[in-house]
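Asker: Have a look at the structure that comes next, please.
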Amino acid sequence: MRKVSFPYLGNAIITFKKLMNAFGNEVVLPKRPTEETLSLGTKYAPEFACLPFKIVLGTYIEALESGADTLVSTGGVGPCRAGLYTTLHEKILKSLGYDFEMITLEPPGRHLRELISSIKKLVNRRLTFADYYRIGRFVWKELQLLDKAEKLSHKVRPLEVKKGETTRVYKRCTELIAQAKSYKDLEEIEREIELLFEKIEKKDYDPLKIGIVGEIYVVIEPAANLEIEEMLGDLGVYAERSMFLASYTFYNAIMDLFRMPGERDVKKLAAPYFKEMCGGHGRESVGNAILFAKRGFDGVIQLSPFTCIPEIVAKSILPKVCAKYDIGFLPVTLDEQTGKEGLRTRVEAFVDLLAAKRRKKHKIVKGDVAYGTLLGN
Amino acid sequence: MAHYLGIDVGSVSTNLVIIDENGKLEEAIYIRTQGQPIRAVQEGLRMLQSKNGKWDIRGVGTTGSGRQLAAVIAGADVVKNEITAHAVAALKEIPDVQTVIEIGGQDSKIIILRDGVVTDFAMNTVCAAGTGSFLDQQANRLGIPIEEFGAYALRSKNPVRIAGRCAVFAESDMIHKQQLGYKVEDIIRGLCQALVRNYLNNVGKGKEILPRVVFQGGVAANVGMKAAFEEALGMEVYVPKYYNVMGAIGAALLAKEAGVKKTKFRGFQASDIEFTADSFECQGCPNHCEVVNIRMEGKVIARWGDRCNRWKVIEN
């Protein structure tokens, strides 16, 4: 039996584990990236590789040390280095003497045949068409549910009366989802999740809204972005990120298969600034920032790994775009540093700035001191 | 009359100020942190106590990188980041300010304001070249007291071009120029220009710098830096009277504005209470966070350093 492992990407590992099990594989569950993971990755990665590359490399080493013999990752399109990362990861790991097979899942639109042959390698059990349907339906529902729980947590956290309650409920939700075995389980859990969040005691006010854009890995994985969404929630801010796993998979795998460009609105909005795509999620970062502005958000935070070219391109465009749409902008570059305090200082100041701006706009004379709305009297 | 205390614990200096209810500064204390923030805050409180002012402290605000620690020791009502604090202080003194340049011991920032509201800001990210510590070190190397450093720059007629992108390159460039026989004045003025260039390219990059420009933080004491900024920007740069304690003034103003009903201030006697800090490595997960305990007479009153908040305690 294959012992499969894969990169750690938020709670998606819960679903991916079940998928791999259903295909008849054993799974070595990747560990949540820690400082140790990053040290391992940094030790063997090229100095100027980006943060996601280093974290994923460290995760692979930990998985191989725990007995994995197959690593599964996604490929990519476009001129971002990440598309080549699996190949480079494989080379580095082989040179370290690990014996394993690397399976790359390429996007179906352009590499359908390769994708099918990769999947064939991963299916190690006789499955009927009905089985595929059952598995597919379950996986899709579960991914959506994970996203839903997370979205709810971001919505409720800034309003919670008792600090930390949302985080506790959210943890409970992921545990529940992890235990689900059938589609029916998921349906029941969905109701329970809604109920759990409903029960949290909430304050009644309109929180500041900040949209998070940037490179997919650092946007989705809290261990890579110093838990910025939780930090914002604790400051009483509603944070929403531009990328969630289910919708991302949908646009970039399924829609791509039918040659339908995903995230059409986002790309259209970014069109005045990008004649060409610049790779990675540079264009999406700009498009999503505009989308957030149109939805009445107060500010945008851009997360980019140090040395990420697509995000550097976006970073030089975003200040103008945000000024045009009258929305605050804070760029955050993430690297190996783990000092959360520096980030907190900037995020706090950014929140103060947005609060002052909103107060001025609505001509509020005396604001809530806790949000630093003291400026702009 | 009601009074408010502001404390700014920075990497290099710890500042304490007392303002009255009109926001007027009554007392300011500037001491070196020397890597011992607890001792510095207590020393500051002790010095204030010895001034024997009849102050009725109604609120306390802390800021700076040591704001959490200072808040625990003094008993603070408002804990604010230094960007907001500096902006508040600058606005109070110069209501029509549009740009704040702040250069401290280890960091530098730019704050953009329009119509009395902060609209944008940036802090140095990649390196500390051009901050107070670097200037201090160079003054030391050249054997010139830091207080006279700026005056030297003003005496120069032909500044030497120094590489300013990185503190290491700047230093080796300066040594080279010295060996070639350039005058110390010209090198110092060249250094000031290089640091200003570096600041404008890195921290001030892409920002619209409009007058009035206020220059504050410890480095604002350096007349050479002020002149270099005026030269590069082509506009007057204003250095406020209490340029080196603006962060603390901001914190005090924020405490005043907060409308505190009953202050958590421990009193100036807090300088006599025994505060200690110790740390341990949490073994809960492979992150191995270094958790810090802050103890008051042996009892843990605050904890931080853990990523997951597992060790959080809040003083009752």
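Each chain of the structure tokens is named A, B, ... in the order shown, its residues numbered from 1; ligands are numbered from 1 in display order.
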Quick one: residues within 12 Å of Lys199 of chain A, only C-alpha atoms, excluding same-chain residues fewer than 2 positions away - as a PyMOL selection string?

Answerer: chain A and resi 156+160-162+165-166+169+192-197+201-202

Asker: Just need the residues of chain B within 7 Å of chain A, counting only C-alpha atoms, so spit them out as a PyMOL selection string.

Answerer: chain B and resi 81+83-84+88+116-119+258+286-287

Asker: Taking the DSSP secondary structure from the backbone, can you list the residues of segment 193-302 of chain B that are alpha helix (DSSP H), as JSON, numbers by chain?

Answerer: {"B": [193, 194, 195, 196, 197, 198, 199, 200, 201, 202, 223, 224, 225, 226, 227, 228, 229, 230, 231, 232, 233, 246, 247, 248, 249, 250, 251, 252, 253, 254, 255, 256, 257]}

Asker: Nearest residue to Phe292 of chain A out of A:Ile220, A:Cys322, A:Cys50, A:Val313, using only C-alpha atoms?

Answerer: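 When distances to Phe292 of chain A are compared using only C-alpha atoms, the smallest one comes from A:Cys322.
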
Asker: Would you pick out the contacts of Gly58 of chain A at 7 Å or less, using only C-alpha atoms, so that residues sharing its chain but fewer than 2 positions from it are not included, and give the list as a ChimeraX atom specification?

Answerer: /A:37-38,40-41,54-56,60-62

Asker: Can you spit out the residues from that selection as a compact mmCIF listing (two decimals), in the first residue's frame, using N, CA, C and O atoms?

Answerer:
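Just written: result.txt:
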```txt
# COMPACT_ATOMS: atom_id res chain seq x y z
N THR A 37 9.76 23.13 11.09
CA THR A 37 9.50 22.84 9.69
C THR A 37 10.22 23.86 8.81
O THR A 37 10.89 23.51 7.84
N LEU A 38 10.07 25.12 9.21
CA LEU A 38 10.67 26.20 8.43
C LEU A 38 12.20 26.12 8.47
O LEU A 38 12.86 26.34 7.45
N LEU A 40 13.98 23.44 8.72
CA LEU A 40 14.36 22.34 7.82
C LEU A 40 14.32 22.82 6.37
O LEU A 40 15.25 22.58 5.60
N GLY A 41 13.23 23.49 6.02
CA GLY A 41 13.06 23.97 4.66
C GLY A 41 14.14 24.98 4.28
O GLY A 41 14.74 24.90 3.21
N LYS A 54 9.84 27.02 1.03
CA LYS A 54 10.60 26.54 2.19
C LYS A 54 9.71 25.77 3.16
O LYS A 54 10.10 24.72 3.66
N ILE A 55 8.52 26.28 3.39
CA ILE A 55 7.62 25.60 4.31
C ILE A 55 7.24 24.23 3.76
O ILE A 55 7.27 23.22 4.47
N VAL A 56 6.89 24.18 2.46
CA VAL A 56 6.47 22.91 1.87
C VAL A 56 7.63 21.91 1.87
O VAL A 56 7.44 20.73 2.18
N TYR A 60 7.57 18.26 3.60
CA TYR A 60 7.90 17.01 2.90
C TYR A 60 8.93 16.19 3.69
O TYR A 60 8.79 14.98 3.86
N ILE A 61 9.96 16.88 4.17
CA ILE A 61 11.01 16.16 4.91
C ILE A 61 10.40 15.50 6.14
O ILE A 61 10.66 14.32 6.42
N GLU A 62 9.55 16.24 6.86
CA GLU A 62 8.92 15.66 8.05
C GLU A 62 8.07 14.45 7.68
O GLU A 62 8.04 13.45 8.39
```

Asker: Excluding same-chain residues fewer than 4 positions from Asp96 of chain B, what lies within 12 Å of it counting only C-alpha atoms, as a ChimeraX atom specification?

Answerer: /B:87,90-92,100,112-117,210-214,238
